[in-house]
2 protein chains.
Amino acid sequence: MSSENELNPNPTCAKPWVDAGRKRATAEDVARIAGVSRTAVSRAFTEGAYLSLEKRTRIRNAAEILGYRPNALAAGFNSNRSNLVAIVTGNLNNHYDSLVTAELVARLNGLGKLPVVIGRTTDNVGDSEVLEVLDYPLDALVIRAGSVKAETVEKCLRLQVPVIVSGRILTVGNVDCLCCDNQAGMEMAVAEFARSGRQRIGYLGGHPELSAEQERSAGFVAAMKKRHLEPVVMERADFSFEGGYAAAAKFLQALDRPNAILCGNDAMALGVLNFARETLGLDVPGDLAIIGFDDIELARWPCFDLSTIRNPIDATVDGIVSLLESRFADPARHGKTIRIAPEFIPRSTH
Amino acid sequence: MSSENELNPNPTCAKPWVDAGRKRATAEDVARIAGVSRTAVSRAFTEGAYLSLEKRTRIRNAAEILGYRPNALAAGFNSNRSNLVAIVTGNLNNHYDSLVTAELVARLNGLGKLPVVIGRTTDNVGDSEVLEVLDYPLDALVIRAGSVKAETVEKCLRLQVPVIVSGRILTVGNVDCLCCDNQAGMEMAVAEFARSGRQRIGYLGGHPELSAEQERSAGFVAAMKKRHLEPVVMERADFSFEGGYAAAAKFLQALDRPNAILCGNDAMALGVLNFARETLGLDVPGDLAIIGFDDIELARWPCFDLSTIRNPIDATVDGIVSLLESRFADPARHGKTIRIAPEFIPRSTH
DNA sequence: TCAAAATAAGCACACGTGTGCATATAGATC
DNA sequence: GATCTATATGCACACGTGTGCTTATTTTGA
C-alpha cells in the first residue's frame with residue numbers, strides 16, 4: 001500500500017480507465033464522468049430532490065457505466081444509523097435456537113437491516129465476543145444466549161446500543177425483554193401427567209446456568225408441589241439428543257423407573273424416546289409418557305409424534321421485531337417486557 | 001481505581017446510561033475530559049504509538065468513565081475495510097445449509113469479521129436481496145444459495161466485492177468456487193447398490209434449478225449408465241422430510257416398487273425411510289435400501305442410522321475460510337476452485 | 001557543550017455521503 | 001417592469017477515526 005503511494009503520489013490524477021477496477025466507484029467519479037457536481041449525483045439517488053430530469057438520467061447512465069451505488073455505510077455515518085443489528089444466538093447446533101435466529105434474520109432482511117450473527121455451534125457465546133462487536137455502532141443488539149452476564153448488557157447500554165433480551169427477563173436499565181412463560185408451560189405438562197394418573201414423574205433439564213432452564217425446572221418443581229407429588233428423577237443433560245439419550249440410559253435402567261418424564265426441550269425428549277423404544281423396547285406412552293418443550297419440526301415427524309409444549313417461534317420473532325421497531329421510534333422509552341404464552345400440543349407420547 | 005464515581009454504581013443513583021448524552025462517546029469527548037488532544041486519544045488505543053505512559057493511563061481512565069470504545073466503522077472508513085462479510089445462505093430450514101452457515105458464522109467471528117446473514121426459512125434468497133446488501137462496502141460475499149444468477153455475481157465483482165461461491169462452480173471473473181464432487185458421491189452410492197445386487201434402483205432429487213441437484217442427478221444417471229442399469233424411478237421433491245415422505249407415498253405404492261432408492265439429500269431420505277417403515281411396514285434395508293446425501297446429524301441417530309454420502313461441513317467451511325483469507329491477502333489473484341471429496345458412510349439402511 | 005537522535009504531541013487531511021444554506025435562473029402574478 | 005415563487009444547483013460542513021507531516025521536547029553520544 002505504501003509502495004502504491006510512492007508510485008502514484010497523486011491518486012486523484014490517476015488514469016481512471018486504467019485502475020478503475022481497484023476501488024469502488026464514488027459519487028465523485030460519477031460526477032466527473034457526467035460533468036456535474038458531486039452534490040447532483042447525491043441528489044440523483046435521493047427521492048424527491050430537486051434535479052432536472054435531463055441531469056438525473058445523465059447521472060444514472062454514468063452511474064450504470066461505472067457500476068456505482070451510494071455507499072450506505074458512508075451515508076449512515078451522518079444519520080448515526082448503521083443499520084447493523086447484532087444477534088447473539090444460543091447454541092446454533094440446537095434446532096430451536098437455530099430456527100429462531102433464522103426467522104429473525106429473515107425478518108431483519110425485510111426491514112433493510114443487516115443482521116450480524118454472533119454464535120457458536122459448540123457452546124454458548126462468551127461475553128468477550130459480545131464486547132468485540134460493540135466496537136461497531138450497532139442500531140440494536142438482540143441477545144438470545146442465556147449465558148451473557150448482566151454486567152455485559154450494562155456495557156452495551158453505556159454505548160447507547162438498545163438491547164433486547166430474548167429468552168430471559170433482565171431488570172437492567174431500559175432493556176426490552178421477551179420470554180416464554182416457562183412456568184405456565186411446565187404447569188401444563190405436569191397437569192397432563194396428573195390427569196392421566198401418572199405417579200412416578202421425573203424431570204430432565206439442561207444447563208443449569210441458562211435462565212430458561214432455571215425457570216423450567218422451578219416451574220416443574222412448583223407444579224409437582226402443588227399436587228403433593230415428589231419427583232422420582234431430577235436429572236440434567238445438555239439440551240441435546242445425545243445428552244437425552246445418555247441420561248435415559250441411566251434413569252430408565254434404575255430399579256424404580258419413572259413412568260412419565262418431562263424434558264427441558266424437545267431434543268432431549270427425542271433422545272429419551274429413542275432410547276426407551278429402540279434400546280429398551282419400552283412402550284411409549286404405555287410404559288413411559290414423554291413430554292418435551294419447544295415443538296421443533298422433528299416433534300411432528302410421524303416416527304416421533306412427540307407431545308410437547310410449544311414455544312412459538314413466530315410469536316417470539318414478531319415480539320422481538322415489534323420491540324425493535326418501537327425502540328427505533330423512541331430510543332428513550334422505558335423498557336418493556338413481553339411474555340409469550342406457551343401451548344400444550346398433545347400428540348402420541350403422553 | 002482513581003475514578004471514584006464509576007466504581008460504585010449505586011442503582012438508585014444517577015444512571016450513566018440514561019443521561020450520558022444520547023450519543024456514543026467519541027475520541028473528542030475523551031480528549032476533553034482527559035485534557036489532551038484527540039490525536040492522543042487515538043494513539044492511546046493504538047499499539048506501539050508514541051505516547052507517554054502517564055498520558056496513556058490518564059486517557060484510558062477517562063475512556064473507562066465515559067464508556068468509550070473507538071468506532072470500528074469510522075476507523076475502517078479510511079482503510080477501506082468494513083470487516084463486513086455477507087453470507088447468502090441456502091434455505092435455513094434445511095439442517096445441512098443451516099449448519100454450514102452456523103459454522104461459517106462461528107469461524108468469521110473468530111477472524112474478527114462481522115458475518116451478515118442473508119437468508120430465508122421458506123425458499124431461496126432472491127437476487128434483489130443480494131443487490132441490496134451491495135449498498136454496503138463488503139469485504140467479501142459468500143454465496144451458498146444455488147439460485148443466485150451469474151449476472152448478479154458479475155454486479156458484485158463490478159463493485160470490487162470479492163465473491164466466493166460455495167456449492168456450485170461458476171466461471172465468471174475472478175470468482176472463487178468450492179463444491180462437493182457430487183458426481184463422485186453418486187457414483188459411490190450406485191456402486192454400493194450394485195455391489196449388493198440391487199437391480200431396481202430409483203432416484204429422488206430436489207429442486208431442479210439448484211446446481212447441486214443438477215450435478216447429483218447427472219451423476220446418478222452416469223453411474224447407472226456405466227453399469228447398463230435403467231432407473232426404475234426418477235422423482236423430484238423439495239429437499240425436505242415432508243417432500244421425501246410424500247414422494248415415497250407415490251413411488252413405494254406403485255406396482256413395480258424399487259428395491260433401492262438414492263436420495264438427493266438426507267432430509268428426503270429420512271422421509272422415505274419413515275414412510276417405508278412406519279406406514280408401509282417395509283423392511284429397510286431388506287425390502288428397500290436407502291442412501292442419502294450430506295450426513296446430517298440426524299442420520300447418525302440410532303433410530304435412523306442412515307447410510308449416506310458425507311458432504312463434509314468442516315472441510316467446506318475450512319475451504320471457504322482459506323479462500324477468503326488468501327483473497328484478502330491478494331485481492332487481484334486469479335479465482336481458485338476447490339473440490340470437496342465426499343465419503344461413503346455405511347450404516348444400516350443399505 | 002553541542003549536535004544528533006529519540007521521543008512526544010498536535011495540526012490537518014482523507015475516507016464518502018447527505019443536507020442546510022446561499023445563490024441563480026425561469027416563470028408567473030400584480 | 002417589478003416582485004414573488006418554484007425550481008435548480010453548488011459550496012461547505014458534519015460524521016469519527018487513523019496517520020503523515022511538522023514541531024517541540026528530552027535523551028543520547030562524543
# chains A, B, ... in the order shown; residues from 1 in each chain; ligands from 1
$ residues_around --residues "Ala248 of chain A" --least-positions-apart "5" --cutoff "10 Å" --atoms "only C-alpha atoms (C1' of nucleotides)" --output "PyMOL selection string"
chain A and resi 204+235+237+242-243+253-254+261+268-269+271-276
$ interface_residues --of "chain A" --to "chain C" --cutoff "8 Å" --atoms "only C-alpha atoms (C1' of nucleotides)" --output "list in words"
Thr26, Ala27, Ser42, Pro70, Asn71, Ala74, Ala75, Phe77 and Asn78 of chain A
$ calpha_fit_rmsd --fixed "chain A" --moving "chain B"
5.9 Å
$ select_by_dssp --residues "segment 31-128 of chain B" --states "alpha helix (DSSP H)" --output "number ranges by chain"
B: 31-34, 38-44, 53-66, 72-79, 95-110, 127-128
$ select_by_dssp --residues "segment 95-191 of chain A" --states "strand (DSSP E)" --output "list of chain:residue names"
A:Leu114, A:Pro115, A:Val116, A:Val117, A:Ile118, A:Ala140, A:Leu141, A:Val142, A:Ile143, A:Val163, A:Ile164, A:Val165, A:Ser166, A:Asp176, A:Cys177, A:Leu178, A:Cys179, A:Cys180
$ closest_atom_pairs --of "chain A" --to "chain B" --cutoff "8 Å" --atoms "only C-alpha atoms" --output "tab-separated table"
residue	atom	partner	partner_atom	distance
A:Gly21	CA	B:Gln160	CA	6.9
A:Arg22	CA	B:Gln160	CA	7.1
A:Lys23	CA	B:Gln160	CA	6.4
A:Arg24	CA	B:Leu159	CA	5.4
A:Ala25	CA	B:Leu159	CA	7.4
A:Gly67	CA	B:Arg158	CA	6.1
A:Tyr68	CA	B:Leu159	CA	7.4
A:Arg69	CA	B:Asp135	CA	6.1
A:Pro70	CA	B:Asp135	CA	6.3
A:Asn71	CA	B:Asp135	CA	5.5
A:Ala72	CA	B:Tyr136	CA	5.2
A:Leu73	CA	B:Tyr136	CA	5.8
A:Ala74	CA	B:Phe77	CA	7.9
A:Phe77	CA	B:Ala74	CA	7.9
A:Leu92	CA	B:Ala102	CA	6.2
A:Asn93	CA	B:Leu99	CA	7.1
A:Ser98	CA	B:Ser98	CA	7.6
A:Leu99	CA	B:Asn93	CA	7.1
A:Ala102	CA	B:Leu92	CA	6.2
A:Glu103	CA	B:Thr121	CA	6.4
A:Val105	CA	B:Val117	CA	6.8
A:Ala106	CA	B:Arg120	CA	5.3
A:Asn109	CA	B:Ile118	CA	6.6
A:Leu114	CA	B:Val116	CA	6.0
A:Pro115	CA	B:Val116	CA	5.4
A:Val116	CA	B:Val116	CA	4.6
A:Val117	CA	B:Pro115	CA	6.0
A:Ile118	CA	B:Asn109	CA	6.6
A:Gly119	CA	B:Ala106	CA	5.8
A:Arg120	CA	B:Ala106	CA	5.3
A:Thr121	CA	B:Glu103	CA	6.4
A:Glu129	CA	B:Asn109	CA	7.9
A:Val133	CA	B:Leu114	CA	7.9
A:Leu134	CA	B:Arg69	CA	8.0
A:Asp135	CA	B:Ala72	CA	5.3
A:Tyr136	CA	B:Ala72	CA	5.2
A:Pro137	CA	B:Asn71	CA	6.6
A:Lys155	CA	B:Gly67	CA	7.5
A:Leu157	CA	B:Trp17	CA	5.8
A:Arg158	CA	B:Trp17	CA	4.7
A:Leu159	CA	B:Arg24	CA	5.3
A:Gln160	CA	B:Arg24	CA	5.8
A:Gly173	CA	B:Trp17	CA	7.6
A:Asn274	CA	B:Cys303	CA	6.4
A:Glu278	CA	B:Cys303	CA	6.8
A:Pro302	CA	B:Asn274	CA	7.5
A:Cys303	CA	B:Asn274	CA	6.4
$ interface_residues --of "chain A" --to "chain D" --cutoff "8 Å" --atoms "only C-alpha atoms (C1' of nucleotides)" --output "list of chain:residue names"
A:Ser37, A:Thr39, A:Ala40, A:Tyr50, A:Leu51, A:Ser52, A:Phe77, A:Asn78, A:Ser79, A:Asn80
$ residues_around --residues "Val163 of chain A" --least-positions-apart "3" --cutoff "7 Å" --atoms "only C-alpha atoms (C1' of nucleotides)" --output "list in words"
Ala140, Leu141, Val142, Val175 and Asp176 of chain A
$ atom_distance --atom1 "atom CA of Asn174 of chain B" --atom2 "atom CA of His334 of chain B"
5.3 Å
